[in-house]
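First comes the structure, then the notes that go with it.
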Protein chains: 2
Amino acid sequence: MFVHLYMELAEAKQKFIESWGKLGSEWGINRTMAQVHALLLITPEALTTEEIMEQLSISRGNANMTLRDLIGWGLVEKQLKPGERKEYFFADKDTWNIARQVAKERRKRELDPIIKILDELTKVKGDTKDPEYATFNKSVTDINKLAKNVDKTLETMLKAEENWFWGSVIKIFK
Amino acid sequence: MFVHLYMELAEAKQKFIESWGKLGSEWGINRTMAQVHALLLITPEALTTEEIMEQLSISRGNANMTLRDLIGWGLVEKQLKPGERKEYFFADKDTWNIARQVAKERRKRELDPIIKILDELTKVKGDTKDPEYATFNKSVTDINKLAKNVDKTLETMLKAEENWFWGSVIKIFK
DNA sequence: ATAAACTTTCAATAAATTTTGAAAGTTAAA
DNA sequence: TTTAACTTTCAAAATTTATTGAAAGTTTAT
């Protein structure tokens, strides 16, 4: 049996797709969506639905819905080639763009809605002398502050320049 | 039918528990774990397993395992009252501590392992002229840089002082 | 040593989430 | 207008994840 000492490209690709999928699912992102994204990230050309189905062994329905989702997240774009009916899919490979897109979407989908709810909960009136109320109010208010702090930080990040990201963060935080 | 114009404390508590659970599950945290955490965050005194089971309508097994997990995340501590056999559970209510703990754990559990894998994948050799290899190598290298940047930022954050968090972030990022 | 008062474990079950695939829908060429 | 080449949809099935509850384990008091 042949045992290789270093990883081959094909093996490395598989490992990357698997790991990216795992990380995604640990962070509440559909595993297949992360895997399709990973595949497109390491593929130079745009791929068809058919090719993605084959490479990841997934069904047409799954591939189709996942690709729509990725487009919805702003991570993948559809390409049409002249003279061809079928659609090609291509992933933006700029890491800074990817990070921004993901931050932008998760802020919109998950952070902003909870801030809205926390704002409501903060308004609930009660007897300040009542420890039940006092504890509720303090925790909700504090978490709301935290959430708004994160929200503003993300907003600033989204507006920021790429070089800020790669350069300044570490220096500033030192 | 009685319709109230503002939210009652009991209703608000339920809403908070439900929302915190939903946010947790969107970010890959077990919904029940987030709900138990939420309950403890808005409760002034330490609670017994029995009380948590009742308030959230969950089984003893579930309550027990969830509480162990929360202790493992450094978010909840066990309290023993003199003369009593049963254990009481109390949540740290300091938002900054909570944020730090969560960041610390997710870094250790999810970020560091993927960095290790990306380091391996970055080492894979190949023909630089081959677009398949070039694209793979560039994407993996870039994502690795991003991951390490996030890792270092978290490390700095973990070391940082509380007032840095509440004050500086926004100012620095402006 | 035994019982009482708890906590822990984990196989079985339930619930939630994801995936499939075939039918229906769309678009463009023949 | 018909057919071919696609894409989309979604109910049913498969898979994954979470929960239950009862039995086993532990600790302390009697």
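We name chains A, B, ... following the order of the structure tokens; residues begin at 1 in each chain, and ligands are numbered from 1 as shown.
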As a list in words, please: the residues near Glu84 of chain A (cut-off 12 Å, only C-alpha atoms (C1' of nucleotides), same-chain neighbours under 2 positions excluded).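 That gives Thr48, Gln79, Leu80, Lys81, Pro82, Lys86, Glu87 and Tyr88 of chain A; DA28 and DA29 of chain C; DA5 and DC6 of chain D.
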Take the residues just selected and output them with C-alpha atoms (C1' of nucleotides) as an mmCIF file, in the first residue's frame.
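Output saved as out27.cif:
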```
data_model
loop_
_atom_site.group_PDB
_atom_site.id
_atom_site.type_symbol
_atom_site.label_atom_id
_atom_site.label_comp_id
_atom_site.auth_asym_id
_atom_site.auth_seq_id
_atom_site.Cartn_x
_atom_site.Cartn_y
_atom_site.Cartn_z
ATOM 1 C CA THR A 48 -22.064 24.755 -13.051
ATOM 2 C CA GLN A 79 -22.287 34.080 -14.463
ATOM 3 C CA LEU A 80 -23.846 33.546 -17.857
ATOM 4 C CA LYS A 81 -21.669 32.511 -20.754
ATOM 5 C CA PRO A 82 -22.656 33.672 -24.248
ATOM 6 C CA LYS A 86 -26.680 26.954 -18.071
ATOM 7 C CA GLU A 87 -25.603 29.118 -15.181
ATOM 8 C CA TYR A 88 -22.089 29.277 -13.795
ATOM 9 C "C1'" DA C 28 -34.986 29.940 -25.851
ATOM 10 C "C1'" DA C 29 -34.281 27.619 -30.017
ATOM 11 C "C1'" DA D 5 -32.387 22.470 -21.840
ATOM 12 C "C1'" DC D 6 -32.308 24.042 -18.231
#
```
Got a sec: who's within 10 Å of segment 6-8 of chain A, counting only C-alpha atoms (C1' of nucleotides), leaving out chain neighbours fewer than 5 positions off, as a VMD selection string? (chain A and resid 13 15) or (chain B and resid 120 to 121 123 to 126)
If you keep all heavy atoms, can you produce a file of those selected residues as a short mmCIF file (atom, residue, chain, number, x, y, z; two decimals), in the first residue's frame?
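Listed below is the output, out-v3.cif:
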```
data_model
loop_
_atom_site.label_atom_id
_atom_site.label_comp_id
_atom_site.auth_asym_id
_atom_site.auth_seq_id
_atom_site.Cartn_x
_atom_site.Cartn_y
_atom_site.Cartn_z
N LYS A 13 -7.69 19.61 -0.84
CA LYS A 13 -8.96 20.26 -1.22
C LYS A 13 -10.10 19.68 -0.40
O LYS A 13 -10.94 20.41 0.13
CB LYS A 13 -9.24 20.05 -2.71
CG LYS A 13 -8.46 20.96 -3.64
CD LYS A 13 -8.82 20.59 -5.08
CE LYS A 13 -8.19 21.52 -6.10
NZ LYS A 13 -8.52 21.09 -7.48
N LYS A 15 -9.95 18.15 2.41
CA LYS A 15 -9.76 18.52 3.81
C LYS A 15 -10.26 19.95 4.05
O LYS A 15 -10.91 20.23 5.06
CB LYS A 15 -8.27 18.42 4.16
CG LYS A 15 -7.93 18.75 5.60
CD LYS A 15 -8.21 17.58 6.51
CE LYS A 15 -7.86 17.92 7.96
NZ LYS A 15 -8.31 16.87 8.87
N GLU B 120 -1.50 23.47 8.10
CA GLU B 120 -1.12 22.26 7.36
C GLU B 120 -1.39 22.44 5.87
O GLU B 120 -0.54 22.14 5.03
CB GLU B 120 -1.94 21.06 7.85
CG GLU B 120 -1.50 20.49 9.19
CD GLU B 120 -0.03 20.09 9.19
OE1 GLU B 120 0.37 19.34 8.27
OE2 GLU B 120 0.71 20.54 10.09
N LEU B 121 -2.58 22.93 5.56
CA LEU B 121 -2.99 23.05 4.16
C LEU B 121 -2.14 24.07 3.42
O LEU B 121 -1.91 23.94 2.21
CB LEU B 121 -4.47 23.42 4.07
CG LEU B 121 -5.43 22.36 4.64
CD1 LEU B 121 -6.88 22.84 4.54
CD2 LEU B 121 -5.27 21.03 3.90
N LYS B 123 0.91 24.44 3.74
CA LYS B 123 2.21 23.82 3.43
C LYS B 123 2.19 22.94 2.19
O LYS B 123 3.25 22.55 1.69
CB LYS B 123 2.65 22.95 4.62
CG LYS B 123 3.15 23.73 5.83
CD LYS B 123 3.69 22.75 6.87
CE LYS B 123 3.63 23.31 8.28
NZ LYS B 123 3.32 22.26 9.26
N VAL B 124 0.98 22.56 1.74
CA VAL B 124 0.88 21.65 0.59
C VAL B 124 1.59 22.23 -0.63
O VAL B 124 1.38 23.38 -0.99
CB VAL B 124 -0.60 21.35 0.27
CG1 VAL B 124 -0.74 20.59 -1.04
CG2 VAL B 124 -1.23 20.56 1.41
N LYS B 125 2.49 21.43 -1.21
CA LYS B 125 3.27 21.89 -2.35
C LYS B 125 2.58 21.57 -3.66
O LYS B 125 1.78 20.63 -3.75
CB LYS B 125 4.65 21.21 -2.35
CG LYS B 125 5.50 21.48 -1.12
CD LYS B 125 5.90 22.95 -1.03
CE LYS B 125 6.59 23.26 0.31
NZ LYS B 125 6.52 24.70 0.63
N GLY B 126 2.90 22.35 -4.70
CA GLY B 126 2.30 22.11 -6.00
C GLY B 126 2.91 23.01 -7.05
O GLY B 126 3.79 23.83 -6.75
#
```
Ranking A:Ser139, A:Trp73, A:Leu41, A:Leu5 by minimum distance to Ala91 of chain B and counting only C-alpha atoms, which one comes first? A:Ser139
Fewer than 2 positions away in the same chain doesn't count, so skip those; otherwise give me all residues within 8 Å of segment 9-22 of chain C, counting only C-alpha atoms (C1' of nucleotides), as a short mmCIF file (atom, residue, chain, number, x, y, z; two decimals) with C-alpha atoms (C1' of nucleotides), in the first residue's frame.
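In the end it all went to out_17.cif:
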```
data_model
loop_
_atom_site.label_atom_id
_atom_site.label_comp_id
_atom_site.auth_asym_id
_atom_site.auth_seq_id
_atom_site.Cartn_x
_atom_site.Cartn_y
_atom_site.Cartn_z
CA SER A 59 -28.66 16.56 -5.07
CA GLY A 61 -32.33 20.58 -5.22
CA ASN A 62 -29.77 21.00 -2.51
"C1'" DA D 13 -37.43 10.76 3.62
"C1'" DA D 14 -33.10 10.71 5.80
"C1'" DT D 15 -30.04 12.46 8.94
"C1'" DT D 16 -28.49 14.94 12.79
"C1'" DT D 17 -29.16 16.86 17.11
"C1'" DA D 18 -31.46 17.27 21.47
"C1'" DT D 19 -34.22 15.36 25.16
"C1'" DT D 20 -36.11 12.12 28.22
"C1'" DA D 24 -26.80 3.44 38.39
#
```
DSSP on the backbone: what in chain B comes out alpha helix (DSSP H), as a ChimeraX atom specification? /B:9-26,31-41,49-56,60-72,95-106,112-123,131-159,162-163,169-173
Please, which residues in chain C fall within 9 Å of chain B when counting only C-alpha atoms (C1' of nucleotides), and what is the closest atom pair and distance in Å to one decimal for each, ordered by chain then residue number, as a tab-separated table?
```
residue	atom	partner	partner_atom	distance
C:DA5	C1'	B:Arg85	CA	7.1
C:DC6	C1'	B:Lys86	CA	6.3
C:DT7	C1'	B:Asn64	CA	8.0
C:DT8	C1'	B:Asn64	CA	7.9
C:DT9	C1'	B:Gly61	CA	8.5
```
Restrict the selected residues to N, CA and C atoms (P, O5', C5', C4', C3', O3' and C1' of nucleotides) and save them as a tab-separated table (two decimals), in the first residue's frame.
```
chain	number	residue	atom	x	y	z
C	5	DA	P	-35.10	11.95	52.36
C	5	DA	O5'	-33.88	12.56	51.53
C	5	DA	C5'	-32.83	13.23	52.21
C	5	DA	C4'	-31.84	13.69	51.18
C	5	DA	C3'	-32.48	14.40	49.97
C	5	DA	O3'	-31.70	15.55	49.66
C	5	DA	C1'	-31.11	12.64	49.23
C	6	DC	P	-32.35	16.75	48.88
C	6	DC	O5'	-32.27	16.18	47.39
C	6	DC	C5'	-31.42	16.79	46.48
C	6	DC	C4'	-30.11	15.96	46.33
C	6	DC	C3'	-29.62	15.94	44.90
C	6	DC	O3'	-28.92	17.13	44.64
C	6	DC	C1'	-29.29	13.82	45.98
C	7	DT	P	-28.75	17.58	43.12
C	7	DT	O5'	-27.69	16.55	42.54
C	7	DT	C5'	-26.36	16.54	43.04
C	7	DT	C4'	-25.55	15.57	42.20
C	7	DT	C3'	-25.46	15.95	40.71
C	7	DT	O3'	-24.10	15.79	40.33
C	7	DT	C1'	-26.35	13.76	40.92
C	8	DT	P	-23.60	16.15	38.89
C	8	DT	O5'	-23.62	14.74	38.13
C	8	DT	C5'	-22.81	13.68	38.63
C	8	DT	C4'	-23.03	12.45	37.77
C	8	DT	C3'	-22.89	12.69	36.27
C	8	DT	O3'	-21.87	11.80	35.83
C	8	DT	C1'	-24.87	11.47	36.73
C	9	DT	P	-21.33	11.79	34.32
C	9	DT	O5'	-22.12	10.57	33.67
C	9	DT	C5'	-22.06	9.29	34.30
C	9	DT	C4'	-23.02	8.36	33.59
C	9	DT	C3'	-22.92	8.42	32.06
C	9	DT	O3'	-22.71	7.09	31.63
C	9	DT	C1'	-25.19	8.59	32.76
```
